[in-house]
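Pasted below: start-v4.cif, mmCIF, N, CA and C atoms.
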```
data_query
#
loop_
_atom_site.label_atom_id
_atom_site.label_comp_id
_atom_site.auth_asym_id
_atom_site.auth_seq_id
_atom_site.Cartn_x
_atom_site.Cartn_y
_atom_site.Cartn_z
N MET A 22 94.59 -9.55 -12.69
CA MET A 22 95.11 -10.66 -11.96
C MET A 22 96.62 -10.67 -12.08
N ASN A 23 97.27 -10.69 -10.94
CA ASN A 23 98.72 -10.83 -10.91
C ASN A 23 99.08 -11.43 -9.56
N PRO A 24 99.70 -12.60 -9.57
CA PRO A 24 100.00 -13.27 -8.29
C PRO A 24 101.07 -12.58 -7.46
N LYS A 25 101.76 -11.58 -8.02
CA LYS A 25 102.88 -10.98 -7.29
C LYS A 25 102.64 -9.56 -6.79
N ILE A 26 101.55 -8.92 -7.19
CA ILE A 26 101.29 -7.56 -6.72
C ILE A 26 99.89 -7.49 -6.10
N HIS A 27 99.69 -6.48 -5.26
CA HIS A 27 98.39 -6.30 -4.60
C HIS A 27 97.52 -5.27 -5.30
N GLY A 28 98.15 -4.45 -6.16
CA GLY A 28 97.39 -3.44 -6.87
C GLY A 28 98.29 -2.62 -7.77
N SER A 29 97.66 -1.85 -8.66
CA SER A 29 98.39 -0.99 -9.57
C SER A 29 97.45 0.11 -10.06
N LEU A 30 97.96 1.33 -10.15
CA LEU A 30 97.20 2.47 -10.66
C LEU A 30 95.87 2.64 -9.92
N GLY A 31 95.88 2.36 -8.63
CA GLY A 31 94.69 2.52 -7.81
C GLY A 31 93.69 1.39 -7.90
N GLU A 32 94.02 0.34 -8.63
CA GLU A 32 93.13 -0.80 -8.77
C GLU A 32 93.69 -2.00 -8.00
N LYS A 33 92.83 -2.77 -7.37
CA LYS A 33 93.24 -3.95 -6.64
C LYS A 33 93.58 -5.07 -7.63
N SER A 34 94.58 -5.85 -7.30
CA SER A 34 94.98 -7.00 -8.11
C SER A 34 94.67 -8.27 -7.32
N PHE A 35 94.36 -9.33 -8.03
CA PHE A 35 94.04 -10.61 -7.39
C PHE A 35 95.03 -11.67 -7.87
N PRO A 36 95.38 -12.62 -7.01
CA PRO A 36 96.34 -13.66 -7.40
C PRO A 36 95.80 -14.61 -8.47
N SER A 37 94.48 -14.72 -8.59
CA SER A 37 93.90 -15.57 -9.64
C SER A 37 92.53 -15.02 -10.02
N LEU A 38 92.06 -15.38 -11.20
CA LEU A 38 90.72 -14.96 -11.62
C LEU A 38 89.66 -15.49 -10.68
N LEU A 39 89.89 -16.65 -10.11
CA LEU A 39 88.91 -17.28 -9.24
C LEU A 39 88.66 -16.48 -7.97
N GLU A 40 89.53 -15.54 -7.66
CA GLU A 40 89.38 -14.72 -6.46
C GLU A 40 88.74 -13.36 -6.73
N VAL A 41 88.46 -13.04 -7.99
CA VAL A 41 87.82 -11.77 -8.32
C VAL A 41 86.36 -11.86 -7.89
N PRO A 42 85.92 -10.93 -7.02
CA PRO A 42 84.56 -11.04 -6.48
C PRO A 42 83.45 -10.64 -7.45
N GLU A 43 83.77 -9.86 -8.48
CA GLU A 43 82.76 -9.42 -9.43
C GLU A 43 82.73 -10.35 -10.65
N LYS A 44 81.66 -10.20 -11.44
CA LYS A 44 81.56 -10.91 -12.72
C LYS A 44 82.64 -10.36 -13.66
N VAL A 45 83.31 -11.23 -14.38
CA VAL A 45 84.37 -10.83 -15.31
C VAL A 45 83.82 -10.93 -16.73
N ASP A 46 83.89 -9.81 -17.47
CA ASP A 46 83.38 -9.77 -18.84
C ASP A 46 84.44 -10.05 -19.88
N ILE A 47 85.68 -9.68 -19.58
CA ILE A 47 86.78 -9.92 -20.51
C ILE A 47 88.06 -10.14 -19.70
N VAL A 48 88.85 -11.10 -20.14
CA VAL A 48 90.16 -11.33 -19.54
C VAL A 48 91.19 -10.84 -20.55
N ASN A 49 91.93 -9.82 -20.15
CA ASN A 49 92.94 -9.21 -21.00
C ASN A 49 94.30 -9.69 -20.49
N ILE A 50 94.95 -10.57 -21.23
CA ILE A 50 96.16 -11.24 -20.74
C ILE A 50 97.41 -10.50 -21.20
N PHE A 51 98.18 -10.03 -20.21
CA PHE A 51 99.47 -9.38 -20.43
C PHE A 51 100.61 -10.26 -19.91
N ARG A 52 100.35 -11.51 -19.63
CA ARG A 52 101.35 -12.41 -19.05
C ARG A 52 102.15 -13.10 -20.15
N ARG A 53 103.34 -13.61 -19.79
CA ARG A 53 104.14 -14.38 -20.75
C ARG A 53 103.36 -15.64 -21.16
N PRO A 54 103.60 -16.13 -22.37
CA PRO A 54 102.84 -17.27 -22.88
C PRO A 54 102.81 -18.50 -21.97
N GLU A 55 103.87 -18.74 -21.22
CA GLU A 55 103.87 -19.93 -20.36
C GLU A 55 102.85 -19.85 -19.22
N PHE A 56 102.27 -18.67 -18.97
CA PHE A 56 101.26 -18.52 -17.93
C PHE A 56 99.84 -18.47 -18.48
N VAL A 57 99.69 -18.46 -19.79
CA VAL A 57 98.39 -18.26 -20.42
C VAL A 57 97.43 -19.41 -20.14
N GLU A 58 97.89 -20.62 -20.23
CA GLU A 58 96.97 -21.76 -20.09
C GLU A 58 96.27 -21.76 -18.73
N GLU A 59 96.98 -21.43 -17.67
CA GLU A 59 96.36 -21.37 -16.34
C GLU A 59 95.27 -20.30 -16.30
N VAL A 60 95.54 -19.15 -16.90
CA VAL A 60 94.55 -18.08 -16.94
C VAL A 60 93.33 -18.51 -17.76
N VAL A 61 93.57 -19.15 -18.89
CA VAL A 61 92.47 -19.63 -19.73
C VAL A 61 91.63 -20.68 -18.99
N ASP A 62 92.27 -21.59 -18.29
CA ASP A 62 91.52 -22.59 -17.52
C ASP A 62 90.60 -21.93 -16.49
N GLN A 63 91.09 -20.89 -15.84
CA GLN A 63 90.27 -20.18 -14.86
C GLN A 63 89.13 -19.43 -15.55
N ALA A 64 89.41 -18.84 -16.71
CA ALA A 64 88.37 -18.13 -17.46
C ALA A 64 87.27 -19.10 -17.91
N ILE A 65 87.67 -20.28 -18.33
CA ILE A 65 86.69 -21.30 -18.72
C ILE A 65 85.83 -21.66 -17.52
N GLN A 66 86.46 -21.86 -16.38
CA GLN A 66 85.73 -22.22 -15.16
C GLN A 66 84.71 -21.14 -14.79
N LEU A 67 85.07 -19.88 -15.01
CA LEU A 67 84.18 -18.76 -14.67
C LEU A 67 83.20 -18.42 -15.80
N LYS A 68 83.33 -19.09 -16.94
CA LYS A 68 82.48 -18.84 -18.11
C LYS A 68 82.60 -17.39 -18.60
N VAL A 69 83.84 -16.90 -18.64
CA VAL A 69 84.11 -15.55 -19.15
C VAL A 69 83.87 -15.58 -20.67
N PRO A 70 83.17 -14.60 -21.23
CA PRO A 70 82.85 -14.65 -22.65
C PRO A 70 83.99 -14.28 -23.61
N VAL A 71 85.00 -13.52 -23.15
CA VAL A 71 86.05 -13.04 -24.04
C VAL A 71 87.42 -13.15 -23.37
N ILE A 72 88.39 -13.65 -24.14
CA ILE A 72 89.79 -13.64 -23.72
C ILE A 72 90.57 -12.88 -24.78
N TRP A 73 91.34 -11.89 -24.34
CA TRP A 73 92.15 -11.08 -25.24
C TRP A 73 93.60 -11.22 -24.81
N MET A 74 94.44 -11.73 -25.70
CA MET A 74 95.88 -11.84 -25.44
C MET A 74 96.59 -10.71 -26.15
N GLN A 75 97.34 -9.92 -25.40
CA GLN A 75 97.99 -8.74 -25.93
C GLN A 75 99.10 -9.09 -26.94
N GLU A 76 99.64 -8.06 -27.58
CA GLU A 76 100.73 -8.25 -28.54
C GLU A 76 101.86 -9.06 -27.92
N GLY A 77 102.31 -10.05 -28.65
CA GLY A 77 103.40 -10.89 -28.18
C GLY A 77 102.96 -12.06 -27.32
N VAL A 78 101.68 -12.10 -26.99
CA VAL A 78 101.16 -13.20 -26.16
C VAL A 78 100.43 -14.17 -27.09
N VAL A 79 101.05 -15.32 -27.31
CA VAL A 79 100.51 -16.32 -28.22
C VAL A 79 100.58 -17.68 -27.53
N HIS A 80 99.45 -18.37 -27.51
CA HIS A 80 99.42 -19.74 -26.98
C HIS A 80 98.28 -20.45 -27.72
N GLU A 81 98.63 -21.10 -28.82
CA GLU A 81 97.63 -21.70 -29.71
C GLU A 81 96.78 -22.75 -29.00
N ALA A 82 97.39 -23.60 -28.19
CA ALA A 82 96.64 -24.67 -27.51
C ALA A 82 95.63 -24.08 -26.53
N ALA A 83 96.02 -23.07 -25.79
CA ALA A 83 95.10 -22.43 -24.84
C ALA A 83 93.97 -21.72 -25.58
N ALA A 84 94.29 -21.06 -26.69
CA ALA A 84 93.27 -20.40 -27.50
C ALA A 84 92.27 -21.41 -28.04
N ARG A 85 92.77 -22.52 -28.52
CA ARG A 85 91.90 -23.58 -29.04
C ARG A 85 90.98 -24.10 -27.93
N LYS A 86 91.54 -24.34 -26.75
CA LYS A 86 90.76 -24.83 -25.61
C LYS A 86 89.66 -23.82 -25.24
N ALA A 87 89.99 -22.54 -25.23
CA ALA A 87 89.01 -21.51 -24.90
C ALA A 87 87.90 -21.45 -25.95
N ARG A 88 88.28 -21.52 -27.22
CA ARG A 88 87.26 -21.49 -28.29
C ARG A 88 86.33 -22.70 -28.20
N GLN A 89 86.90 -23.85 -27.88
CA GLN A 89 86.08 -25.06 -27.73
C GLN A 89 85.08 -24.92 -26.57
N ALA A 90 85.42 -24.07 -25.60
CA ALA A 90 84.54 -23.81 -24.46
C ALA A 90 83.54 -22.68 -24.77
N GLY A 91 83.57 -22.17 -26.00
CA GLY A 91 82.63 -21.14 -26.42
C GLY A 91 83.07 -19.72 -26.12
N ILE A 92 84.35 -19.53 -25.84
CA ILE A 92 84.88 -18.20 -25.53
C ILE A 92 85.43 -17.57 -26.80
N PHE A 93 85.13 -16.28 -27.01
CA PHE A 93 85.68 -15.52 -28.11
C PHE A 93 87.12 -15.17 -27.75
N VAL A 94 88.07 -15.46 -28.64
CA VAL A 94 89.48 -15.27 -28.34
C VAL A 94 90.14 -14.37 -29.38
N VAL A 95 90.90 -13.39 -28.90
CA VAL A 95 91.76 -12.55 -29.73
C VAL A 95 93.17 -12.78 -29.22
N MET A 96 94.12 -12.94 -30.14
CA MET A 96 95.48 -13.26 -29.73
C MET A 96 96.48 -12.37 -30.47
N ASP A 97 97.51 -11.93 -29.74
CA ASP A 97 98.63 -11.18 -30.31
C ASP A 97 98.19 -9.84 -30.90
N GLN A 98 97.26 -9.15 -30.21
CA GLN A 98 96.81 -7.83 -30.66
C GLN A 98 96.62 -6.92 -29.46
N CYS A 99 96.88 -5.65 -29.64
CA CYS A 99 96.71 -4.66 -28.58
C CYS A 99 95.27 -4.16 -28.57
N ILE A 100 94.61 -4.32 -27.46
CA ILE A 100 93.21 -3.92 -27.35
C ILE A 100 93.05 -2.40 -27.53
N LEU A 101 94.00 -1.61 -27.03
CA LEU A 101 93.92 -0.15 -27.18
C LEU A 101 94.07 0.25 -28.64
N GLN A 102 95.03 -0.33 -29.34
CA GLN A 102 95.21 0.00 -30.77
C GLN A 102 93.98 -0.40 -31.58
N GLU A 103 93.39 -1.53 -31.27
CA GLU A 103 92.18 -1.97 -32.00
C GLU A 103 91.02 -1.02 -31.70
N HIS A 104 90.89 -0.60 -30.46
CA HIS A 104 89.82 0.33 -30.10
C HIS A 104 90.00 1.66 -30.84
N ARG A 105 91.23 2.18 -30.82
CA ARG A 105 91.49 3.45 -31.51
C ARG A 105 91.23 3.36 -33.01
N ALA A 106 91.54 2.23 -33.61
CA ALA A 106 91.34 2.06 -35.06
C ALA A 106 89.86 2.06 -35.42
N ARG A 107 89.02 1.65 -34.50
CA ARG A 107 87.60 1.53 -34.81
C ARG A 107 86.76 2.71 -34.32
N PHE A 108 87.24 3.43 -33.30
CA PHE A 108 86.43 4.47 -32.67
C PHE A 108 87.17 5.80 -32.61
N ARG A 109 87.57 6.31 -33.75
CA ARG A 109 88.25 7.61 -33.81
C ARG A 109 87.27 8.72 -33.81
#
```
Could you write out this structure as C-alpha cells?
Amino acid sequence: MNPKIHGSLGEKSFPSLLEVPEKVDIVNIFRRPEFVEEVVDQAIQLKVPVIWMQEGVVHEAAARKARQAGIFVVMDQCILQEHRARFR
C-alpha cells in the first residue's frame, strides 16, 4: 500500500489496504510513524492477523490499539533479518 505510487518491482500498489482485492495475511509497514495509525485502523477493519512495523517504525498507541483488536504486532524490527536469523 502506497498512496503515491501505482506499483514497484512488478507488483501493483494500492492507495489503501481497503482497496486490496485479496485477503491480507500480514501488513508490513515501511511508512513513517505519523502514517502508522491510519494503516493500523484499516488492518483492524480488515481483521488482518499480523502487523509488522519495520526498523525505525514505532507507534506505541497504534500497536496497543492493534493488540487490543487481537492482532499480533511486531515493532521496530526488520522482517528479513528476523527470517534469516531463524531459517539459515
Find the residues near Glu55 of chain A: any atom within 8 Å, counting only N, CA and C atoms, skip ones fewer than 5 places away on the same chain, and give them as a compact mmCIF listing (two decimals) with N, CA and C atoms, in the frame of the given file.
```
# COMPACT_ATOMS: atom_id res chain seq x y z
N VAL A 60 95.54 -19.15 -16.90
CA VAL A 60 94.55 -18.08 -16.94
C VAL A 60 93.33 -18.51 -17.76
N VAL A 78 101.68 -12.10 -26.99
CA VAL A 78 101.16 -13.20 -26.16
C VAL A 78 100.43 -14.17 -27.09
N VAL A 79 101.05 -15.32 -27.31
CA VAL A 79 100.51 -16.32 -28.22
C VAL A 79 100.58 -17.68 -27.53
N HIS A 80 99.45 -18.37 -27.51
CA HIS A 80 99.42 -19.74 -26.98
C HIS A 80 98.28 -20.45 -27.72
```
Apply DSSP to the backbone of this structure and, from chain A, keep only the residues in strand (DSSP E); write these as a VMD selection string.
-> chain A and resid 28 to 29 32 to 33 47 to 50 71 to 74 93 to 95
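Atom to atom, atom N of Arg107 of chain A and atom C of Phe56 of chain A stand 27.9 Å apart.
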Taking all atoms listed in the file into account, which of A:Gln98, A:Pro42, A:Ala87, A:Glu81 comes nearest Ala64 of chain A?
->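 Of all the options, A:Ala87 lies closest to Ala64 of chain A.
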Determine the residue membership of the PyMOL selection byres ((chain A and resi 75) around 6.5) for the file above and supply it as a ChimeraX atom specification.
-> /A:49-51,73-74,76-78,95-100
So how far away is atom CA of Gln63 of chain A from atom CA of Pro36 of chain A, in Å?
->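 Interatomic distance, atom CA of Pro36 of chain A to atom CA of Gln63 of chain A: 11.6 Å.
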Computed interatomic separation between atom CA of Val57 of chain A and atom CA of Phe108 of chain A (Å) |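 Value for the atom CA of Val57 of chain A-atom CA of Phe108 of chain A distance: 28.5 Å.
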Distance criterion (only C-alpha atoms): nearest to Asp46 of chain A out of A:Glu103, A:Leu67, A:Arg109, A:Ser34 |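 Going through A:Glu103, A:Leu67, A:Arg109, A:Ser34 one by one, the smallest distance to Asp46 of chain A is for A:Leu67.
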Would you kindly translate the PyMOL selection byres ((chain A and resi 45) around 6) into the concrete residues it picks from this file, as a PyMOL selection string?
-> chain A and resi 43-44+46-47+69-70
Complete the atoms of segment 97-108 of chain A to all heavy atoms and put them out as a PDB file, in the coordinates of the input.
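Saved as out31.pdb:
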```
ATOM      1  N   ASP A  97      97.510 -11.930 -29.740  1.00  0.00           N
ATOM      2  CA  ASP A  97      98.630 -11.180 -30.310  1.00  0.00           C
ATOM      3  C   ASP A  97      98.190  -9.840 -30.900  1.00  0.00           C
ATOM      4  O   ASP A  97      98.667  -9.435 -31.958  1.00  0.00           O
ATOM      5  CB  ASP A  97      99.366 -12.030 -31.343  1.00  0.00           C
ATOM      6  CG  ASP A  97     100.727 -11.483 -31.712  1.00  0.00           C
ATOM      7  OD1 ASP A  97     101.329 -10.745 -30.904  1.00  0.00           O
ATOM      8  OD2 ASP A  97     101.208 -11.785 -32.826  1.00  0.00           O
ATOM      9  N   GLN A  98      97.260  -9.150 -30.210  1.00  0.00           N
ATOM     10  CA  GLN A  98      96.810  -7.830 -30.660  1.00  0.00           C
ATOM     11  C   GLN A  98      96.620  -6.920 -29.460  1.00  0.00           C
ATOM     12  O   GLN A  98      96.222  -7.381 -28.392  1.00  0.00           O
ATOM     13  CB  GLN A  98      95.485  -7.937 -31.414  1.00  0.00           C
ATOM     14  CG  GLN A  98      95.598  -8.648 -32.736  1.00  0.00           C
ATOM     15  CD  GLN A  98      94.290  -8.648 -33.483  1.00  0.00           C
ATOM     16  OE1 GLN A  98      93.431  -7.814 -33.258  1.00  0.00           O
ATOM     17  NE2 GLN A  98      94.139  -9.590 -34.388  1.00  0.00           N
ATOM     18  N   CYS A  99      96.880  -5.650 -29.640  1.00  0.00           N
ATOM     19  CA  CYS A  99      96.710  -4.660 -28.580  1.00  0.00           C
ATOM     20  C   CYS A  99      95.270  -4.160 -28.570  1.00  0.00           C
ATOM     21  O   CYS A  99      94.783  -3.627 -29.575  1.00  0.00           O
ATOM     22  CB  CYS A  99      97.676  -3.487 -28.790  1.00  0.00           C
ATOM     23  SG  CYS A  99      97.426  -2.153 -27.601  1.00  0.00           S
ATOM     24  N   ILE A 100      94.610  -4.320 -27.460  1.00  0.00           N
ATOM     25  CA  ILE A 100      93.210  -3.920 -27.350  1.00  0.00           C
ATOM     26  C   ILE A 100      93.050  -2.400 -27.530  1.00  0.00           C
ATOM     27  O   ILE A 100      92.093  -1.944 -28.138  1.00  0.00           O
ATOM     28  CB  ILE A 100      92.599  -4.416 -26.016  1.00  0.00           C
ATOM     29  CG1 ILE A 100      91.075  -4.407 -26.085  1.00  0.00           C
ATOM     30  CG2 ILE A 100      93.132  -3.650 -24.826  1.00  0.00           C
ATOM     31  CD1 ILE A 100      90.413  -5.140 -24.941  1.00  0.00           C
ATOM     32  N   LEU A 101      94.000  -1.610 -27.030  1.00  0.00           N
ATOM     33  CA  LEU A 101      93.920  -0.150 -27.180  1.00  0.00           C
ATOM     34  C   LEU A 101      94.070   0.250 -28.640  1.00  0.00           C
ATOM     35  O   LEU A 101      93.318   1.087 -29.142  1.00  0.00           O
ATOM     36  CB  LEU A 101      94.990   0.537 -26.326  1.00  0.00           C
ATOM     37  CG  LEU A 101      95.021   2.063 -26.412  1.00  0.00           C
ATOM     38  CD1 LEU A 101      93.698   2.670 -25.970  1.00  0.00           C
ATOM     39  CD2 LEU A 101      96.172   2.607 -25.588  1.00  0.00           C
ATOM     40  N   GLN A 102      95.030  -0.330 -29.340  1.00  0.00           N
ATOM     41  CA  GLN A 102      95.210   0.000 -30.770  1.00  0.00           C
ATOM     42  C   GLN A 102      93.980  -0.400 -31.580  1.00  0.00           C
ATOM     43  O   GLN A 102      93.555   0.339 -32.474  1.00  0.00           O
ATOM     44  CB  GLN A 102      96.442  -0.700 -31.321  1.00  0.00           C
ATOM     45  CG  GLN A 102      97.731  -0.123 -30.804  1.00  0.00           C
ATOM     46  CD  GLN A 102      98.945  -0.893 -31.296  1.00  0.00           C
ATOM     47  OE1 GLN A 102      98.838  -1.910 -31.977  1.00  0.00           O
ATOM     48  NE2 GLN A 102     100.131  -0.421 -30.922  1.00  0.00           N
ATOM     49  N   GLU A 103      93.390  -1.530 -31.270  1.00  0.00           N
ATOM     50  CA  GLU A 103      92.180  -1.970 -32.000  1.00  0.00           C
ATOM     51  C   GLU A 103      91.020  -1.020 -31.700  1.00  0.00           C
ATOM     52  O   GLU A 103      90.256  -0.693 -32.603  1.00  0.00           O
ATOM     53  CB  GLU A 103      91.836  -3.409 -31.610  1.00  0.00           C
ATOM     54  CG  GLU A 103      92.848  -4.426 -32.093  1.00  0.00           C
ATOM     55  CD  GLU A 103      93.018  -4.444 -33.597  1.00  0.00           C
ATOM     56  OE1 GLU A 103      92.012  -4.332 -34.339  1.00  0.00           O
ATOM     57  OE2 GLU A 103      94.157  -4.564 -34.063  1.00  0.00           O
ATOM     58  N   HIS A 104      90.890  -0.600 -30.460  1.00  0.00           N
ATOM     59  CA  HIS A 104      89.820   0.330 -30.100  1.00  0.00           C
ATOM     60  C   HIS A 104      90.000   1.660 -30.840  1.00  0.00           C
ATOM     61  O   HIS A 104      89.045   2.183 -31.435  1.00  0.00           O
ATOM     62  CB  HIS A 104      89.809   0.567 -28.597  1.00  0.00           C
ATOM     63  CG  HIS A 104      88.722   1.465 -28.149  1.00  0.00           C
ATOM     64  ND1 HIS A 104      88.883   2.825 -28.066  1.00  0.00           N
ATOM     65  CD2 HIS A 104      87.438   1.201 -27.773  1.00  0.00           C
ATOM     66  CE1 HIS A 104      87.742   3.376 -27.662  1.00  0.00           C
ATOM     67  NE2 HIS A 104      86.854   2.411 -27.470  1.00  0.00           N
ATOM     68  N   ARG A 105      91.230   2.180 -30.820  1.00  0.00           N
ATOM     69  CA  ARG A 105      91.490   3.450 -31.510  1.00  0.00           C
ATOM     70  C   ARG A 105      91.230   3.360 -33.010  1.00  0.00           C
ATOM     71  O   ARG A 105      90.741   4.304 -33.621  1.00  0.00           O
ATOM     72  CB  ARG A 105      92.935   3.876 -31.275  1.00  0.00           C
ATOM     73  CG  ARG A 105      93.171   4.438 -29.907  1.00  0.00           C
ATOM     74  CD  ARG A 105      94.593   4.880 -29.735  1.00  0.00           C
ATOM     75  NE  ARG A 105      94.780   5.477 -28.421  1.00  0.00           N
ATOM     76  CZ  ARG A 105      95.947   5.586 -27.829  1.00  0.00           C
ATOM     77  NH1 ARG A 105      97.054   5.169 -28.420  1.00  0.00           N
ATOM     78  NH2 ARG A 105      96.038   6.131 -26.632  1.00  0.00           N
ATOM     79  N   ALA A 106      91.540   2.230 -33.610  1.00  0.00           N
ATOM     80  CA  ALA A 106      91.340   2.060 -35.060  1.00  0.00           C
ATOM     81  C   ALA A 106      89.860   2.060 -35.420  1.00  0.00           C
ATOM     82  O   ALA A 106      89.486   2.461 -36.527  1.00  0.00           O
ATOM     83  CB  ALA A 106      91.988   0.752 -35.523  1.00  0.00           C
ATOM     84  N   ARG A 107      89.020   1.650 -34.500  1.00  0.00           N
ATOM     85  CA  ARG A 107      87.600   1.530 -34.810  1.00  0.00           C
ATOM     86  C   ARG A 107      86.760   2.710 -34.320  1.00  0.00           C
ATOM     87  O   ARG A 107      85.679   2.960 -34.824  1.00  0.00           O
ATOM     88  CB  ARG A 107      87.051   0.248 -34.183  1.00  0.00           C
ATOM     89  CG  ARG A 107      87.520  -0.976 -34.947  1.00  0.00           C
ATOM     90  CD  ARG A 107      87.327  -2.261 -34.136  1.00  0.00           C
ATOM     91  NE  ARG A 107      87.654  -3.447 -34.891  1.00  0.00           N
ATOM     92  CZ  ARG A 107      88.874  -3.807 -35.276  1.00  0.00           C
ATOM     93  NH1 ARG A 107      89.888  -3.058 -35.014  1.00  0.00           N
ATOM     94  NH2 ARG A 107      89.058  -4.926 -35.931  1.00  0.00           N
ATOM     95  N   PHE A 108      87.240   3.430 -33.300  1.00  0.00           N
ATOM     96  CA  PHE A 108      86.430   4.470 -32.670  1.00  0.00           C
ATOM     97  C   PHE A 108      87.170   5.800 -32.610  1.00  0.00           C
ATOM     98  O   PHE A 108      87.361   6.376 -31.565  1.00  0.00           O
ATOM     99  CB  PHE A 108      86.006   4.037 -31.263  1.00  0.00           C
ATOM    100  CG  PHE A 108      85.213   2.775 -31.245  1.00  0.00           C
ATOM    101  CD1 PHE A 108      85.823   1.579 -30.899  1.00  0.00           C
ATOM    102  CD2 PHE A 108      83.877   2.781 -31.603  1.00  0.00           C
ATOM    103  CE1 PHE A 108      85.093   0.400 -30.888  1.00  0.00           C
ATOM    104  CE2 PHE A 108      83.142   1.608 -31.595  1.00  0.00           C
ATOM    105  CZ  PHE A 108      83.749   0.417 -31.247  1.00  0.00           C
TER     106      PHE A 108
END
```
